[in-house]
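Below you'll find the structure, written out as structure tokens, and then a few comments.
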Amino acid sequence: MTLLVALHALAALVAPAIMRLGRRGFLILALVPAAAFGYMLTQLRAAFSDNPPTEVISWVPALEMDFAFRLDPLAAIMALIVSGVGALVLVYCSPYFARHAQSLPRFGAVFVAFAGAMYGLVTTDNTLALYIFWEATTVFSFLLIGHHHERQTSRRAAHQAIILTTLGGLAMLGGIILLGQLPGGSYSISQLVTNPPETTGLVIAAIILLLFGASSKSALVPTHFWLPAAMAAPTPVSAYLHAAAMVKAGVYLVARFAPGYAHLGVWQAIVLGLGLATMILGGYRALRQYDIKLLLAFGTISQLGMIIAIVGQGSKALMLAGLTLIVAHALFKSSLFLTVGVIDWCVGTRDLRELSGIARKMPLMAIAGAVATASMVGLPPLLGYLGKEAAIEGLVHAVALGGDDWVRDLLVLIAFALGSILTLAYGLRFYWGAFATKPGVAPVDGHALSPIIQFSPIVLAAGALLGLMPSAMEDALAPATTIAPGEPGHLTLWGGFTVTLGVTVVIIAAGAAMFAMRTRIEELQRRVAFLPDPEESFRRSEQALEDGAAAVTARTQRGSLPFYLATVIGTVMGALLIAVLARTPHIGGMRLYDNIAQVPVAIVTIVAAVLAARARRRLKAVLLMGVSGYGIALTYALHGAPDLALTQVLVETVTLVVFILVLRRLPAYFSNRPLRASRYFRAALGGFAGLIVAVLGVIAVSGRTADPVSANFPAEALNFGYGHNIVNVTLVDIRAWDTFGEISVVLVAATGVASLLFLRSRAGIVDRARNRRDESTSAVWDSRALHNAAALHDATRRAAAKRAAELKQQGYELRQPGRGRTWLAGSLTLAPRRRSIIFEIGARLVFHTMILVSLYLLFAGHNAPGGGFAGGLMAGTALIVRYLAAGRYELGEAMPLNAGHLLGTGLALAAFAGLLPVFFGGTILQTTVFDFTVPIYGNIHIASAILFDVGVYVLVVGLVLDILRSLGAEIDRHAEIEGEGDSEADETAALITEDAARAEEVTN
């Protein structure tokens, strides 16, 4: 079963490639549900045994969420319907769609994925997995209903379907969680049905939520209107989703839980009330439809209500009747939908007022339609008749027993008979409208029929002939009713002259009479609307919701960042204050400091923070923020946390540089606003938030009653992470999942920032930048090009070279630019006013040392202060020094690699380090140690976590490089393009030209 779900998922992934073959790809995709159907046939004997096949794949054991599958009789019956009808509909798709139809690869993929989700839904034995498959069918049905997304009707239909069915799915999830968490509850479906929890108010609430999910999926009132609207989908979708698969999910859920909960009054009220109301309303609305596809849609609504009302009773006899109706409905309704598709495909209309002479044009379709329609309306000797007769017999028997609920059973019998009369009336209306030759209507003409397009509806209609084998059908369906209470039912074509036969005769006579009076009934329905339009109510409520949301958004989303922050901080801090005041907190054992040196450091940090908030110049504010940051780092160091102090210093350094790089494109001063009361309010709010956080910190520490988990960290870090540095081992082993998630977020954030800054104009920004090498696409720089003054204009460079050649011919020896005095190659591209020889020399001297120190921090961090994050920041700081000393071209010289490649490599290394222990018997991200001896050197002890640290190191280096190339080099490039940087290149060119001119003066 698991493999079949996986097979559908794999087929959905490769479906776009298969559909490159054109419409023939549908025939290949049909092999997947056909294989599932064949497998189900081989498993029927095992499924009907006392020990049905089960499979369990543990997923989230802590939540009892497993991919558990159980192929019992009910699951086998539903799986046969889902897979068999799915295969035939895919065969039908091959001739149905035009050769050059749009989006066929997507349609094929989504269709197969839906079939796999539906197969998983009916075979799973875990309620949480049931919900996952349930919502998967919702999403896939949304895509299938909205296949013609260019049409407004398709988009609206898909929108309605996903809103209503998702709402029901969320309600069902609430019921699932209640049933799983209550005493005696479980997340196993078989356990919940055979041993339901004791009836309480919460159990009743859970059942109501489950039934709401089932009713929305099966289009019961008041959510029934989404199904007729979904007829905007292609006909194969209607035949599969709305006849055999999706709408059957709700029916399946009711049938699955009925044996355990049908005795509850709330269950009976909902199932019978909604089911019977839907049956009558759907049949009544079907009598006035002119589009034969819509007629079938409202008929589907009617029969879904009928089936749920019968199968939801929970007794053996009615369960057998309900299962027979489920199978019959899947066969005849999918056949009829496909038949409508054939008519529409051939003649181009579905309006019964325009259709005439179709039976003569399509004799095979007329025969198939007649058989399927007869089964639908319950005429003998077809399968639909078996189910209807069994249902009537069960209800008559229940009334005859005269139990406490005989009045209810009598009302159900009357409502069922009325629904069957409507079914016969609209069934005859359908067949007459689709195939009859109507007086005064010219016979329609169309193209020839493909044999393949007729194959599937004929096969499905032939399934109605299973009614000729009542004993075999009873043997096949009865095992699914064994857990239901009551006396077993029977399927029979002839039960003698009984009350059941009398009810059937009345149904046939009354239905035929209603069809004969169809014109009067249509006129009556046009004049009298005794029920409000639920679709219109849905649209109005949705519009009211949107208007309300717009009003709330207009008041809250003002475009003011201070307002947003004040709202968030005020709400959070207010809630925390209420929590603090709700109970008298215990505060004790608080120390003001551990080291007297912490006091002046704290004072400086606080003063710098206050001055930063008051600063008007942006640069001043950033520098003061840096002072606060370095003060916090010093506090860590004085407290005995060298790892945190080192990391804080490096982070503060990189952050400071980033802020300064960004400030180049911002005004020097903050906005000069007058002193207003709002500034005092924001200051008060900030102080209030800081005070609350500080108080909560003290309360949390003072309120501790148990030993902190960190007390075990030293031993766990050594025993499980094989390292003495608790901080580093925590990052790469104890909480490695968190670290992996954090570096993933870092990669995404860096990519997002870079993508915004590296945007290009569609037409290109300037021609002179066309041939330049760009840091974002290639970081491989040519040192020779730098030494030849790559930043100069071509004309100026040619003039300078020509003059230099002339001077050389005259006997002058000219030095090459930068020869013998260039510390950093990229400095030649800077204007002299921007160069600092001391800075260049210092950068040249400390760069390699900083890189070596970063590698030391990387490899020593497992047992000493350091680690991949600190080492990466140190290496990044070295790159910052090179960039600040000699500009963006020097950055390319220092790190001739693409930042994106480094980011991706770092994440890949971390992922590989997490998977590596699995190959040595461990679990994901569990550190594995390798001990081996190297000659001369001696014993080597390496933990696999070092590879995770290397990944972090590489990713952090890539992050810093990405920041420098986006916020640094790219902004420099923008400045040059906008004309701000031309002066530097022109100044450099002028100086070289001036050297040549001065040399000429010496000659003269």
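If you're wondering about the labels, chains in the structure tokens are A, B, ... by order shown, residues count from 1 in each chain, ligands from 1 in order shown.
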Set the distance at 7 Å and use only C-alpha atoms: which residues neighbour Met850 of chain A once local chain neighbours fewer than 6 positions away are removed? I'd like the list as a list of chain:residue names.
A:Met874, A:Ala875, A:Ala878
Residues as selected, N, CA and C atoms, written as a PDB file, in the first residue's frame, can you do that?
ATOM      1  N   MET A 874      35.818  35.677  11.406  1.00  0.00           N
ATOM      2  CA  MET A 874      37.187  36.187  11.349  1.00  0.00           C
ATOM      3  C   MET A 874      37.675  36.249   9.902  1.00  0.00           C
ATOM      4  N   ALA A 875      37.424  35.200   9.132  1.00  0.00           N
ATOM      5  CA  ALA A 875      37.817  35.223   7.724  1.00  0.00           C
ATOM      6  C   ALA A 875      37.063  36.314   6.977  1.00  0.00           C
ATOM      7  N   ALA A 878      38.655  39.575   7.572  1.00  0.00           N
ATOM      8  CA  ALA A 878      39.845  39.732   6.736  1.00  0.00           C
ATOM      9  C   ALA A 878      39.454  40.226   5.341  1.00  0.00           C
TER      10      ALA A 878
END
DSSP strand (DSSP E or B) selection over segment 847-968 of chain A, as a VMD selection string:
chain A and resid 929 to 934 938 to 943
What's the 12 Å shell around Met625 of chain A, counting only C-alpha atoms, without same-chain residues fewer than 2 positions away, as a ChimeraX atom specification?
/A:604-615,618-623,627-632,652-653,655-656,659-660
Grab the atom CA of Ala75 of chain A to atom CA of Met40 of chain A distance for me, in Å with one decimal place.
9.9 Å
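Between Asp291 of chain A and the candidates A:Leu179, A:Leu325, A:Ile343, A:Ala368, the tightest atom-to-atom separation, counting only C-alpha atoms, involves A:Ile343.
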Which polymer residues have any atom within 9 Å of an atom of segment 308-322 of chain A, counting only C-alpha atoms, with same-chain residues fewer than 3 positions away left out, as a PyMOL selection string?
chain A and resi 218+250-252+254-255+257-263+267-268+271-276+279+303-305+325-327+386-395+412+416+474+477-478+480-491
Output of the above residues as a PDB file, in the first residue's frame, restricted to C-alpha atoms:
ATOM      1  CA  SER A 218     -19.618  15.558   0.099  1.00  0.00           C
ATOM      2  CA  GLY A 250     -17.158  12.412   3.090  1.00  0.00           C
ATOM      3  CA  VAL A 251     -19.314   9.343   2.461  1.00  0.00           C
ATOM      4  CA  TYR A 252     -16.343   7.130   3.343  1.00  0.00           C
ATOM      5  CA  VAL A 254     -19.354   8.606   7.647  1.00  0.00           C
ATOM      6  CA  ALA A 255     -19.329   4.917   6.712  1.00  0.00           C
ATOM      7  CA  PHE A 257     -17.130   5.965  11.849  1.00  0.00           C
ATOM      8  CA  ALA A 258     -20.846   5.043  11.780  1.00  0.00           C
ATOM      9  CA  PRO A 259     -20.482   1.629  13.510  1.00  0.00           C
ATOM     10  CA  GLY A 260     -18.919   3.279  16.559  1.00  0.00           C
ATOM     11  CA  TYR A 261     -20.883   6.533  16.839  1.00  0.00           C
ATOM     12  CA  ALA A 262     -24.243   6.101  15.049  1.00  0.00           C
ATOM     13  CA  HIS A 263     -25.955   5.526  18.409  1.00  0.00           C
ATOM     14  CA  TRP A 267     -24.853  11.860  14.957  1.00  0.00           C
ATOM     15  CA  GLN A 268     -28.373  10.861  13.943  1.00  0.00           C
ATOM     16  CA  VAL A 271     -26.513  12.663   9.331  1.00  0.00           C
ATOM     17  CA  LEU A 272     -30.245  12.292   8.812  1.00  0.00           C
ATOM     18  CA  GLY A 273     -31.067  15.980   8.848  1.00  0.00           C
ATOM     19  CA  LEU A 274     -28.394  17.076   6.387  1.00  0.00           C
ATOM     20  CA  GLY A 275     -28.533  13.905   4.306  1.00  0.00           C
ATOM     21  CA  LEU A 276     -32.282  13.896   3.710  1.00  0.00           C
ATOM     22  CA  MET A 279     -31.384  14.505  -1.128  1.00  0.00           C
ATOM     23  CA  GLN A 303     -27.723  10.966  -4.169  1.00  0.00           C
ATOM     24  CA  LEU A 304     -24.814  11.860  -1.883  1.00  0.00           C
ATOM     25  CA  GLY A 305     -27.372  12.970   0.681  1.00  0.00           C
ATOM     26  CA  LEU A 325     -25.364   2.419  -3.414  1.00  0.00           C
ATOM     27  CA  ILE A 326     -21.785   3.707  -3.110  1.00  0.00           C
ATOM     28  CA  VAL A 327     -20.512   1.214  -5.674  1.00  0.00           C
ATOM     29  CA  LEU A 386     -30.320  -3.709  -5.499  1.00  0.00           C
ATOM     30  CA  GLY A 387     -29.079  -0.889  -3.269  1.00  0.00           C
ATOM     31  CA  LYS A 388     -32.350   1.038  -3.300  1.00  0.00           C
ATOM     32  CA  GLU A 389     -34.422  -2.043  -2.543  1.00  0.00           C
ATOM     33  CA  ALA A 390     -32.095  -3.050   0.278  1.00  0.00           C
ATOM     34  CA  ALA A 391     -32.381   0.442   1.774  1.00  0.00           C
ATOM     35  CA  ILE A 392     -36.192   0.426   1.583  1.00  0.00           C
ATOM     36  CA  GLU A 393     -36.326  -3.077   3.042  1.00  0.00           C
ATOM     37  CA  GLY A 394     -34.085  -2.066   5.933  1.00  0.00           C
ATOM     38  CA  LEU A 395     -36.172   1.021   6.705  1.00  0.00           C
ATOM     39  CA  VAL A 412     -36.711   8.585   6.974  1.00  0.00           C
ATOM     40  CA  PHE A 416     -36.168   8.378   1.087  1.00  0.00           C
ATOM     41  CA  GLU A 474     -23.683  -9.512  -1.029  1.00  0.00           C
ATOM     42  CA  LEU A 477     -19.856  -6.201   0.449  1.00  0.00           C
ATOM     43  CA  ALA A 478     -21.137  -7.941   3.590  1.00  0.00           C
ATOM     44  CA  ALA A 480     -17.452  -4.529   5.448  1.00  0.00           C
ATOM     45  CA  THR A 481     -20.549  -4.515   7.674  1.00  0.00           C
ATOM     46  CA  THR A 482     -19.449  -7.085  10.260  1.00  0.00           C
ATOM     47  CA  ILE A 483     -18.503  -4.509  12.924  1.00  0.00           C
ATOM     48  CA  ALA A 484     -21.895  -2.769  12.619  1.00  0.00           C
ATOM     49  CA  PRO A 485     -24.671  -3.711  15.061  1.00  0.00           C
ATOM     50  CA  GLY A 486     -28.025  -5.203  14.152  1.00  0.00           C
ATOM     51  CA  GLU A 487     -29.235  -8.027  11.931  1.00  0.00           C
ATOM     52  CA  PRO A 488     -27.506  -8.557   8.578  1.00  0.00           C
ATOM     53  CA  GLY A 489     -29.197  -7.370   5.420  1.00  0.00           C
ATOM     54  CA  HIS A 490     -29.575  -9.060   2.071  1.00  0.00           C
ATOM     55  CA  LEU A 491     -29.456  -8.137  -1.598  1.00  0.00           C
TER      56      LEU A 491
END
Nearby residues (only C-alpha atoms) at most 6 Å from segment 211-216 of chain A, same-chain spacing under 3 positions excluded, as a VMD selection string
chain A and resid 165 168 to 169 172 208 219 to 220 223 250
Rank A:Leu287, A:Leu382, A:Ala461, A:Ile367 by their smallest atom-to-atom distance to Arg520 of chain A, using only C-alpha atoms, and report the top residue only.
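That would be A:Leu287, the residue with the smallest distance to Arg520 of chain A.
From atom CA of Arg429 of chain A back to atom CA of Arg353 of chain A, the distance works out to 11.4 Å.
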Name the residues in contact with segment 378-380 of chain A at a cut-off of 9 Å, using only C-alpha atoms, excluding same-chain residues fewer than 2 positions from it; report them as an MDAnalysis selection string.
chainID A and resid 373:376 382:389 420 423:424 467:468 493 504 508
Let's have the selection written as a short mmCIF file (atom, residue, chain, number, x, y, z; two decimals), in the first residue's frame, with N, CA and C atoms.
data_model
loop_
_atom_site.label_atom_id
_atom_site.label_comp_id
_atom_site.auth_asym_id
_atom_site.auth_seq_id
_atom_site.Cartn_x
_atom_site.Cartn_y
_atom_site.Cartn_z
N THR A 373 -28.52 5.23 -16.61
CA THR A 373 -29.66 5.98 -16.08
C THR A 373 -30.63 5.06 -15.35
N ALA A 374 -30.87 3.87 -15.90
CA ALA A 374 -31.77 2.92 -15.24
C ALA A 374 -31.21 2.50 -13.89
N SER A 375 -29.91 2.32 -13.81
CA SER A 375 -29.30 1.99 -12.52
C SER A 375 -29.43 3.16 -11.54
N MET A 376 -29.31 4.37 -12.06
CA MET A 376 -29.40 5.55 -11.21
C MET A 376 -30.79 5.70 -10.60
N LEU A 382 -30.74 -3.91 -12.20
CA LEU A 382 -29.42 -3.30 -12.17
C LEU A 382 -28.95 -3.06 -10.74
N LEU A 383 -27.67 -2.70 -10.62
CA LEU A 383 -27.05 -2.60 -9.30
C LEU A 383 -27.70 -1.51 -8.45
N GLY A 384 -28.05 -0.39 -9.08
CA GLY A 384 -28.72 0.66 -8.32
C GLY A 384 -30.03 0.18 -7.71
N TYR A 385 -30.74 -0.69 -8.41
CA TYR A 385 -31.99 -1.24 -7.89
C TYR A 385 -31.73 -2.09 -6.65
N LEU A 386 -30.65 -2.89 -6.66
CA LEU A 386 -30.32 -3.71 -5.50
C LEU A 386 -30.12 -2.84 -4.26
N GLY A 387 -29.35 -1.76 -4.42
CA GLY A 387 -29.08 -0.89 -3.27
C GLY A 387 -30.33 -0.19 -2.77
N LYS A 388 -31.14 0.32 -3.69
CA LYS A 388 -32.35 1.04 -3.30
C LYS A 388 -33.34 0.09 -2.61
N GLU A 389 -33.50 -1.09 -3.16
CA GLU A 389 -34.42 -2.04 -2.54
C GLU A 389 -33.94 -2.47 -1.17
N SER A 420 -36.30 9.30 -3.93
CA SER A 420 -36.24 8.35 -5.04
C SER A 420 -37.19 8.76 -6.16
N THR A 423 -35.47 11.36 -8.01
CA THR A 423 -34.38 10.75 -8.79
C THR A 423 -34.91 10.17 -10.09
N LEU A 424 -36.02 9.46 -10.02
CA LEU A 424 -36.60 8.89 -11.24
C LEU A 424 -37.03 10.01 -12.19
N GLY A 467 -25.85 -6.02 -10.88
CA GLY A 467 -27.11 -6.28 -10.19
C GLY A 467 -27.70 -7.63 -10.52
N LEU A 468 -27.27 -8.23 -11.61
CA LEU A 468 -27.74 -9.57 -11.97
C LEU A 468 -27.14 -10.64 -11.07
N LEU A 493 -33.10 -9.54 -5.99
CA LEU A 493 -33.86 -8.93 -7.08
C LEU A 493 -35.35 -9.11 -6.89
N THR A 504 -41.73 0.64 -3.96
CA THR A 504 -41.03 0.77 -5.23
C THR A 504 -41.99 1.12 -6.36
N ILE A 508 -41.90 4.51 -8.74
CA ILE A 508 -41.84 4.50 -10.20
C ILE A 508 -43.01 5.27 -10.80
#
Nearest-residue call for Val459 of chain A, choices A:Asn719, A:Leu31, A:Gly84, A:Leu173, using only C-alpha atoms
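Closest to Val459 of chain A of all the choices is A:Gly84.
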